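Reproduced below: data11.txt, with compact mmCIF, C-alpha atoms.
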# COMPACT_ATOMS: atom_id res chain seq x y z
CA MET A 1 -70.66 134.45 -66.40
CA ALA A 2 -70.26 138.04 -67.51
CA ILE A 3 -66.95 139.65 -68.47
CA ILE A 4 -66.73 142.92 -66.54
CA PHE A 5 -64.13 145.66 -66.99
CA ILE A 6 -63.68 148.08 -64.07
CA THR A 7 -61.53 151.21 -64.19
CA GLY A 8 -59.73 152.46 -61.08
CA ALA A 9 -60.18 149.07 -59.44
CA ASN A 10 -56.92 148.70 -57.53
CA LYS A 11 -58.53 150.16 -54.37
CA GLY A 12 -61.70 151.58 -52.87
CA LEU A 13 -65.09 151.08 -54.49
CA GLY A 14 -63.64 149.62 -57.68
CA HIS A 15 -61.67 147.01 -55.77
CA GLU A 16 -64.64 146.04 -53.62
CA ALA A 17 -66.93 145.84 -56.64
CA ALA A 18 -64.38 143.57 -58.32
CA ARG A 19 -64.21 141.34 -55.23
CA ARG A 20 -67.97 141.03 -55.02
CA LEU A 21 -68.49 140.39 -58.71
CA ILE A 22 -65.81 137.70 -58.76
CA GLY A 23 -67.56 136.15 -55.76
CA LEU A 24 -70.74 136.01 -57.83
CA GLY A 25 -68.93 134.01 -60.50
CA HIS A 26 -68.12 136.73 -63.02
CA MET A 27 -64.82 137.34 -64.78
CA VAL A 28 -63.37 140.71 -63.82
CA LEU A 29 -60.79 142.65 -65.77
CA LEU A 30 -59.23 144.97 -63.21
CA GLY A 31 -58.19 148.26 -64.75
CA ALA A 32 -55.79 150.62 -62.99
CA ARG A 33 -53.32 153.34 -63.92
CA ASP A 34 -50.48 152.07 -61.72
CA ALA A 35 -49.17 148.75 -63.00
CA GLN A 36 -47.66 147.55 -59.73
CA SER A 37 -50.64 148.17 -57.44
CA GLY A 38 -53.04 147.03 -60.15
CA GLN A 39 -51.26 143.72 -60.66
CA VAL A 40 -51.05 143.09 -56.91
CA ALA A 41 -54.78 143.79 -56.51
CA ALA A 42 -55.70 141.61 -59.47
CA ASP A 43 -53.58 138.70 -58.24
CA ALA A 44 -55.12 138.91 -54.78
CA LEU A 45 -58.66 138.88 -56.15
CA GLY A 46 -58.25 136.42 -58.99
CA ALA A 47 -58.86 139.04 -61.67
CA ARG A 48 -56.91 139.80 -64.84
CA PHE A 49 -55.05 143.11 -64.71
CA VAL A 50 -55.26 145.54 -67.63
CA GLN A 51 -53.34 148.78 -67.35
CA ILE A 52 -55.40 151.87 -68.20
CA ASP A 53 -55.01 155.58 -67.57
CA VAL A 54 -58.40 157.09 -68.41
CA THR A 55 -56.82 160.52 -68.98
CA ASP A 56 -54.62 159.21 -71.79
CA ASP A 57 -56.09 158.38 -75.21
CA ALA A 58 -53.29 155.99 -76.14
CA SER A 59 -53.56 154.12 -72.84
CA VAL A 60 -57.33 153.68 -73.20
CA THR A 61 -56.95 152.52 -76.80
CA ALA A 62 -54.24 150.05 -75.76
CA ALA A 63 -56.42 148.68 -72.95
CA ALA A 64 -59.31 148.06 -75.36
CA ALA A 65 -56.92 146.37 -77.80
CA ASP A 66 -55.62 144.16 -74.97
CA VAL A 67 -59.14 143.02 -74.13
CA ALA A 68 -60.01 142.53 -77.80
CA GLY A 69 -56.99 140.28 -78.16
CA HIS A 70 -57.73 138.20 -75.07
CA GLU A 71 -61.46 138.08 -74.29
CA GLY A 72 -62.89 139.52 -77.51
CA ARG A 73 -65.80 141.18 -75.73
CA ILE A 74 -66.98 142.67 -72.49
CA ASP A 75 -70.50 142.47 -71.10
CA VAL A 76 -70.24 145.29 -68.57
CA LEU A 77 -68.06 148.38 -68.40
CA ILE A 78 -67.85 150.06 -64.99
CA ASN A 79 -66.44 153.59 -65.20
CA ASN A 80 -65.22 153.94 -61.63
CA ALA A 81 -61.94 155.86 -61.92
CA GLY A 82 -62.25 159.31 -60.37
CA ILE A 83 -60.57 162.05 -58.35
CA HIS A 84 -62.05 164.60 -55.94
CA GLY A 85 -59.98 167.69 -56.69
CA PRO A 86 -59.80 170.67 -54.31
CA PHE A 87 -62.30 171.09 -51.48
CA GLY A 88 -63.49 174.30 -49.81
CA ASP A 89 -63.35 177.93 -50.93
CA PRO A 90 -63.59 178.10 -54.73
CA GLY A 91 -61.91 181.51 -54.81
CA SER A 92 -58.49 179.99 -55.44
CA LEU A 93 -59.53 177.45 -58.07
CA THR A 94 -57.82 177.59 -61.43
CA GLY A 95 -58.80 176.50 -64.89
CA ALA A 96 -56.15 173.80 -64.64
CA ASP A 97 -57.81 172.48 -61.47
CA ALA A 98 -61.14 172.26 -63.28
CA LEU A 99 -59.71 170.61 -66.37
CA GLY A 100 -57.87 168.05 -64.26
CA VAL A 101 -61.00 166.87 -62.45
CA LEU A 102 -63.18 166.92 -65.55
CA ASP A 103 -60.51 165.10 -67.55
CA THR A 104 -60.61 162.13 -65.19
CA ASN A 105 -64.22 162.08 -64.06
CA VAL A 106 -66.00 163.01 -67.27
CA ALA A 107 -63.68 162.85 -70.28
CA GLY A 108 -62.25 159.62 -68.86
CA ALA A 109 -65.65 157.98 -69.09
CA VAL A 110 -66.11 159.32 -72.64
CA ARG A 111 -62.75 157.95 -73.73
CA THR A 112 -63.39 154.56 -72.19
CA ILE A 113 -66.91 154.14 -73.53
CA SER A 114 -65.78 155.10 -77.03
CA ALA A 115 -62.84 152.69 -76.99
CA PHE A 116 -64.80 149.78 -75.51
CA LEU A 117 -68.00 150.24 -77.52
CA PRO A 118 -67.06 147.63 -80.15
CA LEU A 119 -66.32 145.13 -77.36
CA LEU A 120 -69.64 145.87 -75.66
CA ARG A 121 -71.47 145.31 -78.92
CA GLU A 122 -70.06 141.77 -79.04
CA SER A 123 -72.12 141.02 -75.91
CA ALA A 124 -75.67 139.65 -75.92
CA ASP A 125 -76.60 141.99 -73.05
CA PRO A 126 -74.16 144.91 -72.84
CA ALA A 127 -74.24 147.42 -69.99
CA VAL A 128 -72.31 150.46 -68.79
CA VAL A 129 -72.27 151.60 -65.16
CA ASN A 130 -70.97 155.10 -64.53
CA VAL A 131 -70.02 155.62 -60.89
CA SER A 132 -71.47 159.05 -60.22
CA SER A 133 -72.44 160.58 -56.86
CA GLY A 134 -75.24 162.23 -54.94
CA MET A 135 -72.75 165.09 -54.66
CA GLY A 136 -73.76 165.91 -58.22
CA SER A 137 -77.47 165.94 -57.39
CA LEU A 138 -79.29 169.28 -57.28
CA SER A 139 -81.85 168.01 -54.79
CA PHE A 140 -79.36 166.29 -52.48
CA THR A 141 -76.95 169.22 -52.31
CA HIS A 142 -79.85 171.55 -51.41
CA ASP A 143 -81.34 169.28 -48.74
CA PRO A 144 -80.07 170.34 -45.28
CA GLU A 145 -80.88 166.88 -43.94
CA ARG A 146 -78.40 165.21 -46.27
CA VAL A 147 -74.63 165.08 -45.89
CA GLU A 148 -74.19 166.11 -49.53
CA SER A 149 -75.42 169.61 -48.63
CA LYS A 150 -72.66 170.12 -46.07
CA VAL A 151 -69.61 169.59 -48.30
CA ILE A 152 -68.02 172.22 -50.55
CA ALA A 153 -66.32 170.43 -53.41
CA PRO A 154 -67.15 172.51 -56.49
CA LEU A 155 -65.22 170.60 -59.11
CA TYR A 156 -66.09 167.12 -57.86
CA CYS A 157 -69.80 168.03 -57.62
CA ALA A 158 -69.79 169.61 -61.07
CA SER A 159 -68.04 166.61 -62.59
CA LYS A 160 -70.50 164.15 -61.10
CA ALA A 161 -73.46 166.24 -62.25
CA ALA A 162 -71.93 166.14 -65.72
CA LEU A 163 -71.38 162.39 -65.54
CA THR A 164 -75.00 161.76 -64.57
CA MET A 165 -76.23 163.90 -67.47
CA LEU A 166 -73.74 162.19 -69.77
CA THR A 167 -75.31 158.89 -68.72
CA THR A 168 -78.81 159.98 -69.72
CA GLN A 169 -77.59 161.27 -73.07
CA TYR A 170 -75.67 158.09 -73.88
CA ALA A 171 -78.69 156.00 -72.86
CA LYS A 172 -80.86 157.89 -75.36
CA ALA A 173 -78.27 157.72 -78.12
CA LEU A 174 -77.29 154.06 -77.62
CA PRO A 175 -80.53 152.13 -77.04
CA ASP A 176 -78.79 148.81 -77.71
CA ILE A 177 -76.71 149.23 -74.51
CA ARG A 178 -78.04 149.59 -70.97
CA ILE A 179 -76.32 152.68 -69.51
CA ASN A 180 -76.94 153.79 -65.93
CA ALA A 181 -75.31 155.85 -63.17
CA ALA A 182 -74.69 154.65 -59.62
CA ASP A 183 -74.60 156.77 -56.47
CA PRO A 184 -72.49 154.84 -53.94
CA GLY A 185 -73.47 157.15 -51.07
CA TYR A 186 -71.12 158.56 -48.45
CA THR A 187 -68.69 155.67 -48.21
CA ALA A 188 -65.41 155.43 -46.30
CA THR A 189 -62.68 155.41 -48.97
CA ASP A 190 -59.37 157.15 -49.68
CA LEU A 191 -61.33 159.70 -51.70
CA ASN A 192 -62.77 161.22 -48.51
CA ASP A 193 -60.01 160.20 -46.08
CA ASN A 194 -62.28 157.37 -44.87
CA ARG A 195 -64.79 159.79 -43.33
CA GLY A 196 -67.84 158.18 -44.95
CA PHE A 197 -70.35 156.39 -42.74
CA GLN A 198 -70.96 153.51 -45.15
CA THR A 199 -68.66 150.52 -45.62
CA VAL A 200 -67.21 149.84 -49.06
CA ALA A 201 -69.54 146.84 -49.28
CA GLU A 202 -72.54 149.13 -48.77
CA GLY A 203 -71.04 151.64 -51.17
CA THR A 204 -70.88 149.08 -53.96
CA ASP A 205 -74.45 147.82 -53.59
CA ALA A 206 -75.76 150.03 -56.40
CA ILE A 207 -72.76 149.32 -58.63
CA VAL A 208 -73.09 145.56 -58.27
CA ALA A 209 -76.87 145.69 -58.72
CA LEU A 210 -76.58 147.62 -61.98
CA ALA A 211 -73.76 145.39 -63.24
CA THR A 212 -75.79 142.22 -62.67
CA GLU A 213 -79.25 143.26 -63.87
CA GLY A 214 -80.83 141.00 -66.41
CA PRO A 215 -81.92 141.82 -69.97
CA GLY A 216 -84.73 144.33 -70.16
CA ALA A 217 -83.72 146.40 -67.14
CA GLY A 218 -84.06 150.13 -67.69
CA SER A 219 -81.48 152.52 -69.08
CA GLY A 220 -80.69 156.15 -68.31
CA ARG A 221 -81.29 155.79 -64.57
CA PHE A 222 -79.57 157.22 -61.50
CA VAL A 223 -79.56 154.55 -58.77
CA ASP A 224 -78.41 154.20 -55.16
CA ARG A 225 -78.50 151.16 -52.88
CA GLU A 226 -82.20 151.82 -52.13
CA GLY A 227 -83.29 152.08 -55.77
CA ASP A 228 -83.95 154.65 -58.47
CA LEU A 229 -83.32 158.33 -57.72
CA GLY A 230 -84.46 161.64 -59.11
CA TRP A 231 -81.89 164.33 -59.71

Would it be possible to restate this file's structure as C-alpha cells?
Amino acid sequence: MAIIFITGANKGLGHEAARRLIGLGHMVLLGARDAQSGQVAADALGARFVQIDVTDDASVTAAAADVAGHEGRIDVLINNAGIHGPFGDPGSLTGADALGVLDTNVAGAVRTISAFLPLLRESADPAVVNVSSGMGSLSFTHDPERVESKVIAPLYCASKAALTMLTTQYAKALPDIRINAADPGYTATDLNDNRGFQTVAEGTDAIVALATEGPGAGSGRFVDREGDLGW
C-alpha cells in the first residue's frame, strides 16, 4: 500500500485519481484549498483530508507538517492543482493574469515538491507525478489534426510547457526520485466546462499508471494514456 498525496483533489481529475487509487488499495491524502469541499470529498472517498493552498508558502509548509506528524512519509506526490486562466485573444492579458496562472500551475508544484521532499525521501520507492497537458506540447499545438491546435489559451499552454520542462529538470537533479509528467488528454472537467471528449476515468489513466509504477520505471518522461510522448 502506497501513501499518495494529491493536490486539488476535491473535484475533477484529482478526485477521480483519488477514487481509483483508493480502489487499488492505496492510502490517499486528499489535498484541497477549500476545507469544506475537501473534507466532504475525502469523507465520501475514504481518504484523509489535508488542507493545502499551493499558492501559499505557509499553507504548503503546514500541509507537509501535518503529513509528517501523521503518516511520516509519502510514496507518491501528485501535483494536480491547476487553473486555466483567460482564453482567447491575448491582447488584453496582463502581467497579473500571467503571474496568477504561473503561480498555481508552476510555482505551486515547486512549492509542494520542496515541502514534501523530506517525506518522499522516507519512502523506499518515491515518485512525483506532475499533471501537465498536451496543451503545453509544441508538436500537439502545431498539429491541425489534434484538438490542442484549435484552442487559444496562452497562459495555460505556457504554464503546462513550463511544468513539463520543470519535470525533466527535477528528474535530472533528483535521481533518487522518479519524477514524470502526465498528459490527461482532452477530458470533460470543470476546467473546460465539461467540453472534453474523454471521461474523467480515461483522463486519469496516465496519472494512475505513473503513480503505481514499480521500482525501476523511468524518470523525466511525458506520458499519456497510450504511453510515452515526445514534446

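Counting only C-alpha atoms, the residue from A:Gly88, A:Gly185, A:Pro144, A:Pro126 that sits nearest to A:Pro215 is A:Pro126.
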
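Distances to A:Ile207 were evaluated for A:Ile4, A:Val151, A:Ile113, A:Arg73 using all atoms listed in the file, and the minimum falls at A:Ile4.
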
Can you pull out every residue within 9 Å of stretch 117-119 of chain A, counting only C-alpha atoms, but drop anything in the same chain fewer than 4 positions away, and send it as a CSV table (one decimal) with C-alpha atoms, in the frame of the given file?
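Below you can see result09.csv, which holds the result:
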chain,number,residue,atom,x,y,z
A,64,ALA,CA,-59.3,148.1,-75.4
A,67,VAL,CA,-59.1,143.0,-74.1
A,68,ALA,CA,-60.0,142.5,-77.8
A,72,GLY,CA,-62.9,139.5,-77.5
A,73,ARG,CA,-65.8,141.2,-75.7
A,74,ILE,CA,-67.0,142.7,-72.5
A,75,ASP,CA,-70.5,142.5,-71.1
A,112,THR,CA,-63.4,154.6,-72.2
A,113,ILE,CA,-66.9,154.1,-73.5
A,123,SER,CA,-72.1,141.0,-75.9

Please give the centre and size of the box around stretch 38-57 of chain A (axis-aligned, containing every atom listed in the file, 8 Å added per side), with values in Å to one decimal and written as AutoDock Vina command-line options.
--center_x -55.0 --center_y 148.5 --center_z -65.0 --size_x 23.8 --size_y 40.1 --size_z 36.4

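With distances restricted to all atoms listed in the file, A:Met1 is the closest residue to A:Met27 from A:Ala162, A:Ala173, A:Val76, A:Met1.
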
- prompt: From the list A:Thr204, A:Ser219, A:Thr141, A:Ser133, which residue is nearest A:Pro175 when using all atoms listed in the file?
  reply: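 Comparing A:Thr204, A:Ser219, A:Thr141, A:Ser133 against A:Pro175, the winner is A:Ser219.
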
message: When you look at A:Asp57 with a cut-off of 12 Å (counting all atoms listed in the file), what residues show up, excluding the ones that are within fewer than 3 positions of it in the same chain? I need them as a list of chain:residue names.
response: A:Ile52, A:Asp53, A:Val54, A:Val60, A:Thr61, A:Ala62, A:Ala63, A:Ala64, A:Asp103, A:Thr104, A:Ala107, A:Gly108, A:Ala109, A:Val110, A:Arg111, A:Thr112, A:Ile113, A:Ser114, A:Ala115

Please produce a file of those selected residues containing C-alpha atoms, as a PDB file, in the frame of the given file.
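Produced file again08.pdb, reproduced below:
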ATOM      1  CA  ILE A  52     -55.400 151.870 -68.200  1.00  0.00           C
ATOM      2  CA  ASP A  53     -55.010 155.580 -67.570  1.00  0.00           C
ATOM      3  CA  VAL A  54     -58.400 157.090 -68.410  1.00  0.00           C
ATOM      4  CA  VAL A  60     -57.330 153.680 -73.200  1.00  0.00           C
ATOM      5  CA  THR A  61     -56.950 152.520 -76.800  1.00  0.00           C
ATOM      6  CA  ALA A  62     -54.240 150.050 -75.760  1.00  0.00           C
ATOM      7  CA  ALA A  63     -56.420 148.680 -72.950  1.00  0.00           C
ATOM      8  CA  ALA A  64     -59.310 148.060 -75.360  1.00  0.00           C
ATOM      9  CA  ASP A 103     -60.510 165.100 -67.550  1.00  0.00           C
ATOM     10  CA  THR A 104     -60.610 162.130 -65.190  1.00  0.00           C
ATOM     11  CA  ALA A 107     -63.680 162.850 -70.280  1.00  0.00           C
ATOM     12  CA  GLY A 108     -62.250 159.620 -68.860  1.00  0.00           C
ATOM     13  CA  ALA A 109     -65.650 157.980 -69.090  1.00  0.00           C
ATOM     14  CA  VAL A 110     -66.110 159.320 -72.640  1.00  0.00           C
ATOM     15  CA  ARG A 111     -62.750 157.950 -73.730  1.00  0.00           C
ATOM     16  CA  THR A 112     -63.390 154.560 -72.190  1.00  0.00           C
ATOM     17  CA  ILE A 113     -66.910 154.140 -73.530  1.00  0.00           C
ATOM     18  CA  SER A 114     -65.780 155.100 -77.030  1.00  0.00           C
ATOM     19  CA  ALA A 115     -62.840 152.690 -76.990  1.00  0.00           C
TER      20      ALA A 115
END

message: For a test of reading the model, state the distance in Å between atom CA of A:Leu99 and atom CA of A:Thr55, rounded to one decimal.
response: 10.8 Å

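Residues in contact range of A:Ser139, defined as at most 12 Å between all atoms listed in the file, with sequence neighbours fewer than 2 positions away removed, read Gly134, Met135, Gly136, Ser137, Thr141, His142, Asp143, Pro144, Glu145, Arg146, Val147, Glu148, Ser149, Ala161, Leu229, Gly230 and Trp231 of chain A.
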
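Nearest-residue note for A:Tyr156: choosing from A:Lys172, A:Arg221, A:His84, A:Arg20, the minimum distance belongs to A:His84, counting all atoms listed in the file.
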
task: Determine the nearest neighbour of A:Thr199 from the options A:Ala2, A:Asp66, A:Gly218, A:Glu16, counting only C-alpha atoms.
output: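 That would be A:Glu16, the residue with the smallest distance to A:Thr199.
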
Interatomic distance, atom CA of A:Val50 to atom CA of A:Val223 (Å, one decimal):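 Computing the Euclidean distance for atom CA of A:Val50 and atom CA of A:Val223 yields 27.4 Å.
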
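Atom CA of A:Arg178 is found 14.8 Å from atom CA of A:Met165.
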
- request: Compile the contact shell of A:Val101 as a list of chain:residue names: residues with an atom at most 10 Å away, counting only C-alpha atoms, same-chain residues fewer than 4 positions apart removed.
  value: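 Residues meeting the cut-off are A:Gly82, A:Ile83, A:His84, A:Gly85, A:Pro86, A:Ala96, A:Asp97, A:Asn105, A:Val106, A:Ala107, A:Gly108, A:Leu155, A:Tyr156, A:Ala158, A:Ser159, A:Lys160.
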
Selected residues written out with C-alpha atoms, as a PDB file, in the frame of the given file:
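New file selection.pdb:
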ATOM      1  CA  GLY A  82     -62.250 159.310 -60.370  1.00  0.00           C
ATOM      2  CA  ILE A  83     -60.570 162.050 -58.350  1.00  0.00           C
ATOM      3  CA  HIS A  84     -62.050 164.600 -55.940  1.00  0.00           C
ATOM      4  CA  GLY A  85     -59.980 167.690 -56.690  1.00  0.00           C
ATOM      5  CA  PRO A  86     -59.800 170.670 -54.310  1.00  0.00           C
ATOM      6  CA  ALA A  96     -56.150 173.800 -64.640  1.00  0.00           C
ATOM      7  CA  ASP A  97     -57.810 172.480 -61.470  1.00  0.00           C
ATOM      8  CA  ASN A 105     -64.220 162.080 -64.060  1.00  0.00           C
ATOM      9  CA  VAL A 106     -66.000 163.010 -67.270  1.00  0.00           C
ATOM     10  CA  ALA A 107     -63.680 162.850 -70.280  1.00  0.00           C
ATOM     11  CA  GLY A 108     -62.250 159.620 -68.860  1.00  0.00           C
ATOM     12  CA  LEU A 155     -65.220 170.600 -59.110  1.00  0.00           C
ATOM     13  CA  TYR A 156     -66.090 167.120 -57.860  1.00  0.00           C
ATOM     14  CA  ALA A 158     -69.790 169.610 -61.070  1.00  0.00           C
ATOM     15  CA  SER A 159     -68.040 166.610 -62.590  1.00  0.00           C
ATOM     16  CA  LYS A 160     -70.500 164.150 -61.100  1.00  0.00           C
TER      17      LYS A 160
END
